[in-house]
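S.K.: The structure's right below; bear with me while I get my questions together.
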Amino acid sequence: MITIKENKIFKKAYYKGKKEIAHNLVLYYIPNNGDTKIGITVSKKIGNAVTRNRIRRLVRESWRTFCVKEGYDVIIVARTAAAKSDFYAIKDALFDLLCKSELILQ
RNA sequence: UGAGUAGAUCGGGCAAUCGCAGAUGCAACGUCCGAAAGGAUGCAGAUGAGGAAAGUCCGGGCUCCGCAGGGCAGGGUGCCGGGUAACUCCCGGUAGAGGCGACUCUCAGGAAAGUGCAACAGAAAAUAAACCGCCACUUUUAGUGGUAAGGGUGGAAUAGUAAGGUAAGAGCUUACUGGAAAACAGGUAACUGUUUUUUCGUGUAAACCCCACUCGGAGCAACACCGGAUUAAGGAGAAUACGUUGGCCCGACGCUCCUUGGGUAGGUGGCUUGAAUUAUGCAGAGAUGCAUAAUCUAGAUAGAUGAUUGUCUUAAACAGAACCCGGCUUACAGAUCUGCUCAAUUU
RNA sequence: GGUGCCAUUGCCAAGUGGUAAGGCCAAGGUCUGCAAAACCUUUAUUCCCCGGUUCAAAUCCGGGUGGCACCU
């Protein structure tokens, strides 16, 4: 799993990329010419450090179970409802988003 | 048994599968990224967030500011003694307040060194004073003098109660109580007790201030090293000037400094062996100190602990290390243990 | 991670212990044929919250909450 570290790519995906929305997650994606990278954003509005860490881990664990097409920058933003979601809710939401955006393989 | 009070400990456990992090060992000495410094990549078994990691309210280590120097200004602390690396911390005591009690709480120096303030009300708010009243005298719907007992105001009115005394009164006198001072005794001290003397000028210092002690500034985004890139334009000063030591002056040190614009801002160290943890013993009333033995117990850099299943008593509260320690404060479901107090009952 | 600042009416804000100025907005009135302008009147009661000092706290002291800025 390769993560996005530059602020440039985040901004580029927000302004130029496409997006899909679920009730607790938002997915931005934009094609690049390399490996698929993932960036996870959980803002301070959602909760304290423990809550934010937990959401990030759940998203990362869900991402690990899916096979995704090569050549995209993908950014996942957590919404306020994600603080009360358990693992299965986040996994289902992420699956829906990946199906809608046609990034998922199989 | 119930109610309370003080203190201590824990803060989900175990097993299986998948996944993450750095270090160690083995393998490899290659491949990939990069201008370089350097980084990534295989396998293994162990290890991997807290009592508050939080707030950043104090104190210290560490690093830099040449040394960390002097003075002024400014800040902090404030009953006494002790502990500590240090402290707005802790322990023991004193005084005051609360509670039947165990016990708890307290920013607890000085108001007679000086300055200020005390709105409204009230006669008067501080070198006392005289509105009503009381008493005496007179020129009698009033004035002069005496008076602090009584009235009313206020948070606060020059100590309170009783008796004597007086024209009326007054610590004017006496007794008791309160305060202050002195002597003696006890205590390291704060202070306590006894005796004597004295009628005894309010409150506020979390107002300025005084006294005693104490504090240089900044913070790991500090700082050091390696490598790279850029160095253009304008301005100031040249020893009675400028800059640094983030308030000022002295002292010390240095020769460059400032403004605007552009470019580059990558990596490594700092980083975890420490006022460390555990156990035992000794000293002490306690905080704590000393000695011996054993142990190594996160170190990331967009930031590592998660998911699933089973099981146990319950899908556990508050909550995530970021240089490191000692405290304080704040948040917190629940569980366990110990000392003590009060009430009821039984023996 | 560290450092600093702020919170007062709907908005902008003044206020160095004695009961909260001013402007804008709003509401009502006067004026006008109707408006605007002008003039008059009204609107803080938990001064972000909790405790303390004081006779008395928006103000002084301690703790908390929320917001903002800077250091990369």
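Simple scheme: letters A, B, ... for chains in structure tokens order, numbers from 1 for residues in each chain, numbers from 1 for ligands in the order shown.
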Write out as a list of chain:residue names every residue belonging to chain B that has an atom at most 7 Å from any atom of chain A, counting only C-alpha atoms (C1' of nucleotides).
M.R.: B:A302, B:G306, B:A307, B:A319, B:G320
S.K.: Skipping near chain neighbours, those fewer than 5 positions away, what residues fall within 12 Å of Leu94 of chain A using only C-alpha atoms (C1' of nucleotides), listed as a PyMOL selection string?
M.R.: chain A and resi 20-28+58-66+68+74-78+82+87-89+99-101+103-104
S.K.: So that I can see what lies close to G66 of chain C, please list as a list in words the residues with an atom at most 12 Å from it, counting only C-alpha atoms (C1' of nucleotides) and leaving out residues fewer than 2 positions away in the same chain.
M.R.: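 In the requested format, the answer is C6, A7, C48, C49, G64 and C68 of chain C.
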S.K.: Take the residues from that selection and put them in a file with all heavy atoms, as a compact mmCIF listing (two decimals), in the first residue's frame.
M.R.:
# COMPACT_ATOMS: atom_id res chain seq x y z
P C C 6 -5.19 39.64 25.12
OP1 C C 6 -5.27 41.08 25.42
OP2 C C 6 -4.91 38.67 26.20
O5' C C 6 -6.55 39.21 24.42
C5' C C 6 -7.11 40.02 23.38
C4' C C 6 -8.23 39.30 22.67
O4' C C 6 -7.80 37.98 22.30
C3' C C 6 -9.50 39.05 23.48
O3' C C 6 -10.33 40.19 23.53
C2' C C 6 -10.13 37.89 22.73
O2' C C 6 -10.82 38.34 21.59
C1' C C 6 -8.91 37.10 22.27
N1 C C 6 -8.61 35.90 23.10
C2 C C 6 -9.43 34.77 23.00
O2 C C 6 -10.40 34.80 22.25
N3 C C 6 -9.13 33.68 23.74
C4 C C 6 -8.06 33.68 24.53
N4 C C 6 -7.80 32.59 25.22
C5 C C 6 -7.22 34.82 24.65
C6 C C 6 -7.52 35.89 23.92
P A C 7 -11.36 40.41 24.76
OP1 A C 7 -11.92 41.76 24.66
OP2 A C 7 -10.72 39.97 26.02
O5' A C 7 -12.51 39.37 24.41
C5' A C 7 -13.32 39.55 23.24
C4' A C 7 -14.28 38.39 23.08
O4' A C 7 -13.57 37.14 23.24
C3' A C 7 -15.43 38.37 24.09
O3' A C 7 -16.64 37.94 23.45
C2' A C 7 -14.98 37.34 25.11
O2' A C 7 -16.02 36.69 25.76
C1' A C 7 -14.20 36.35 24.22
N9 A C 7 -13.18 35.60 24.95
C8 A C 7 -11.99 36.08 25.41
N7 A C 7 -11.25 35.18 26.02
C5 A C 7 -12.03 34.03 25.95
C6 A C 7 -11.81 32.73 26.42
N6 A C 7 -10.71 32.36 27.07
N1 A C 7 -12.76 31.82 26.21
C2 A C 7 -13.86 32.20 25.56
N3 A C 7 -14.18 33.38 25.07
C4 A C 7 -13.21 34.27 25.30
P C C 48 -17.63 37.83 28.97
OP1 C C 48 -16.74 37.86 30.13
OP2 C C 48 -17.15 38.29 27.66
O5' C C 48 -18.19 36.36 28.82
C5' C C 48 -19.22 36.06 27.90
C4' C C 48 -19.40 34.56 27.79
O4' C C 48 -18.28 34.01 27.04
C3' C C 48 -19.39 33.81 29.12
O3' C C 48 -20.67 33.82 29.75
C2' C C 48 -18.93 32.42 28.69
O2' C C 48 -19.99 31.71 28.10
C1' C C 48 -17.91 32.76 27.61
N1 C C 48 -16.53 32.89 28.15
C2 C C 48 -15.86 31.77 28.66
O2 C C 48 -16.41 30.67 28.68
N3 C C 48 -14.60 31.92 29.13
C4 C C 48 -14.01 33.11 29.10
N4 C C 48 -12.77 33.21 29.57
C5 C C 48 -14.65 34.25 28.58
C6 C C 48 -15.90 34.10 28.11
P C C 49 -20.74 33.85 31.37
OP1 C C 49 -22.16 34.03 31.75
OP2 C C 49 -19.73 34.78 31.89
O5' C C 49 -20.33 32.38 31.78
C5' C C 49 -21.15 31.27 31.49
C4' C C 49 -20.53 29.97 31.97
O4' C C 49 -19.25 29.79 31.32
C3' C C 49 -20.20 29.91 33.45
O3' C C 49 -21.33 29.58 34.24
C2' C C 49 -19.11 28.85 33.49
O2' C C 49 -19.66 27.56 33.42
C1' C C 49 -18.35 29.14 32.20
N1 C C 49 -17.17 30.02 32.40
C2 C C 49 -16.02 29.50 33.01
O2 C C 49 -16.00 28.33 33.40
N3 C C 49 -14.95 30.32 33.17
C4 C C 49 -14.99 31.57 32.75
N4 C C 49 -13.91 32.33 32.93
C5 C C 49 -16.14 32.12 32.12
C6 C C 49 -17.20 31.31 31.98
P G C 64 -6.88 24.14 33.48
OP1 G C 64 -6.31 22.82 33.16
OP2 G C 64 -6.20 25.37 33.02
O5' G C 64 -8.38 24.18 32.94
C5' G C 64 -9.15 23.00 32.91
C4' G C 64 -10.61 23.30 32.66
O4' G C 64 -10.98 24.55 33.30
C3' G C 64 -11.00 23.52 31.20
O3' G C 64 -11.15 22.32 30.48
C2' G C 64 -12.30 24.30 31.34
O2' G C 64 -13.37 23.45 31.67
C1' G C 64 -12.00 25.19 32.55
N9 G C 64 -11.52 26.53 32.16
C8 G C 64 -10.29 27.08 32.39
N7 G C 64 -10.19 28.30 31.93
C5 G C 64 -11.43 28.57 31.38
C6 G C 64 -11.92 29.73 30.74
O6 G C 64 -11.34 30.79 30.52
N1 G C 64 -13.23 29.57 30.32
C2 G C 64 -13.97 28.44 30.51
N2 G C 64 -15.20 28.47 30.04
N3 G C 64 -13.53 27.35 31.11
C4 G C 64 -12.26 27.49 31.52
P C C 68 -10.92 29.06 14.34
OP1 C C 68 -11.40 29.04 12.95
OP2 C C 68 -10.32 27.85 14.92
O5' C C 68 -9.88 30.25 14.49
C5' C C 68 -10.20 31.54 13.97
C4' C C 68 -9.18 32.57 14.37
O4' C C 68 -9.05 32.63 15.82
C3' C C 68 -7.75 32.33 13.91
O3' C C 68 -7.55 32.64 12.54
C2' C C 68 -6.96 33.22 14.86
O2' C C 68 -7.06 34.58 14.48
C1' C C 68 -7.73 33.01 16.16
N1 C C 68 -7.11 31.97 17.02
C2 C C 68 -5.96 32.27 17.76
O2 C C 68 -5.47 33.39 17.68
N3 C C 68 -5.41 31.31 18.54
C4 C C 68 -5.97 30.11 18.61
N4 C C 68 -5.40 29.20 19.39
C5 C C 68 -7.13 29.78 17.87
C6 C C 68 -7.67 30.73 17.10
S.K.: Atom C1' of U264 of chain B and atom C1' of A221 of chain B are how many Å apart?
M.R.: 18.8 Å
S.K.: Please return, as a list in words, all residues of segment 36-106 of chain A that DSSP assigns to strand (DSSP E or B) on the basis of the backbone.
M.R.: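 These are the residues in question: Lys37, Ile38, Gly39, Ile40, Thr41, Val68, Tyr72, Asp73, Val74, Ile75, Ile76, Val77, Ala78 and Ile104 of chain A.
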S.K.: What would the file look like if the residues just selected were written as a CSV table (one decimal), in the first residue's frame with C-alpha atoms?
M.R.:
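Contents of the output file part32.csv:
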chain,number,residue,atom,x,y,z
A,37,LYS,CA,-1.8,5.5,-4.2
A,38,ILE,CA,-4.3,6.1,-1.4
A,39,GLY,CA,-4.7,9.1,0.9
A,40,ILE,CA,-6.9,9.1,3.9
A,41,THR,CA,-8.3,12.4,5.4
A,68,VAL,CA,-8.1,-2.0,-7.2
A,72,TYR,CA,-5.1,6.1,-9.9
A,73,ASP,CA,-4.7,8.5,-7.0
A,74,VAL,CA,-7.5,7.7,-4.6
A,75,ILE,CA,-8.4,9.9,-1.6
A,76,ILE,CA,-10.9,8.9,1.0
A,77,VAL,CA,-12.4,11.5,3.3
A,78,ALA,CA,-14.3,10.6,6.4
A,104,ILE,CA,-12.6,-2.3,-8.5
S.K.: So that I can see what lies close to segment 29-46 of chain C, please list as a short mmCIF file (atom, residue, chain, number, x, y, z; two decimals) with N, CA and C atoms (P, O5', C5', C4', C3', O3' and C1' of nucleotides), in the first residue's frame the residues with an atom at most 10 Å from it, counting only C-alpha atoms (C1' of nucleotides) and leaving out residues fewer than 5 positions away in the same chain.
M.R.:
data_model
loop_
_atom_site.label_atom_id
_atom_site.label_comp_id
_atom_site.auth_asym_id
_atom_site.auth_seq_id
_atom_site.Cartn_x
_atom_site.Cartn_y
_atom_site.Cartn_z
P U C 8 -17.65 39.06 22.87
"O5'" U C 8 -17.98 39.93 24.16
"C5'" U C 8 -18.87 39.43 25.15
"C4'" U C 8 -19.50 40.56 25.93
"C3'" U C 8 -20.37 41.51 25.13
"O3'" U C 8 -21.67 40.98 24.91
"C1'" U C 8 -18.93 42.75 26.54
P U C 9 -22.30 41.07 23.42
"O5'" U C 9 -23.61 41.97 23.63
"C5'" U C 9 -24.73 41.43 24.29
"C4'" U C 9 -26.03 41.97 23.73
"C3'" U C 9 -26.18 41.88 22.21
"O3'" U C 9 -27.53 41.54 21.89
"C1'" U C 9 -26.51 44.10 22.89
P A C 20 -25.14 49.97 35.30
"O5'" A C 20 -23.86 49.73 34.39
"C5'" A C 20 -22.84 50.74 34.26
"C4'" A C 20 -22.21 50.69 32.89
"C3'" A C 20 -23.18 50.94 31.74
"O3'" A C 20 -23.32 52.33 31.53
"C1'" A C 20 -21.86 49.02 31.28
#
S.K.: Which neighbours of A56 of chain C fall inside 9 Å, counting only C-alpha atoms (C1' of nucleotides), when residues of the same chain fewer than 3 positions from it are skipped, and could you give them as a count of residues only?
M.R.: 3
S.K.: Run DSSP on the backbone and give me the residues of segment 2-105 of chain A it puts in helix (DSSP H, G or I), as an MDAnalysis selection string.
M.R.: chainID A and resid 7:16 49:64 80:84 87:100
S.K.: What's around G237 of chain B at 10 Å? Count only C-alpha atoms (C1' of nucleotides), leave out sequence neighbours fewer than 6 positions away in its own chain, and write the answer as a ChimeraX atom specification.
M.R.: /B:243,256-257
S.K.: Dump C-alpha atoms (C1' of nucleotides) for the selected residues as an mmCIF file, in the first residue's frame?
M.R.:
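Below is the file result.cif, written as the result:
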data_model
loop_
_atom_site.group_PDB
_atom_site.id
_atom_site.type_symbol
_atom_site.label_atom_id
_atom_site.label_comp_id
_atom_site.auth_asym_id
_atom_site.auth_seq_id
_atom_site.Cartn_x
_atom_site.Cartn_y
_atom_site.Cartn_z
ATOM 1 C "C1'" G B 243 25.414 44.869 15.533
ATOM 2 C "C1'" U B 256 29.524 43.577 8.646
ATOM 3 C "C1'" C B 257 24.298 44.586 8.711
#
S.K.: Would you kindly return, as a list of chain:residue names, each protein, DNA or RNA residue with an atom no farther than 12 Å from any atom of G23 of chain C, considering only C-alpha atoms (C1' of nucleotides) and excluding same-chain residues fewer than 2 positions away?
M.R.: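 The contact residues come out as C:C11, C:C12, C:A13, C:A14, C:A21, C:C25.
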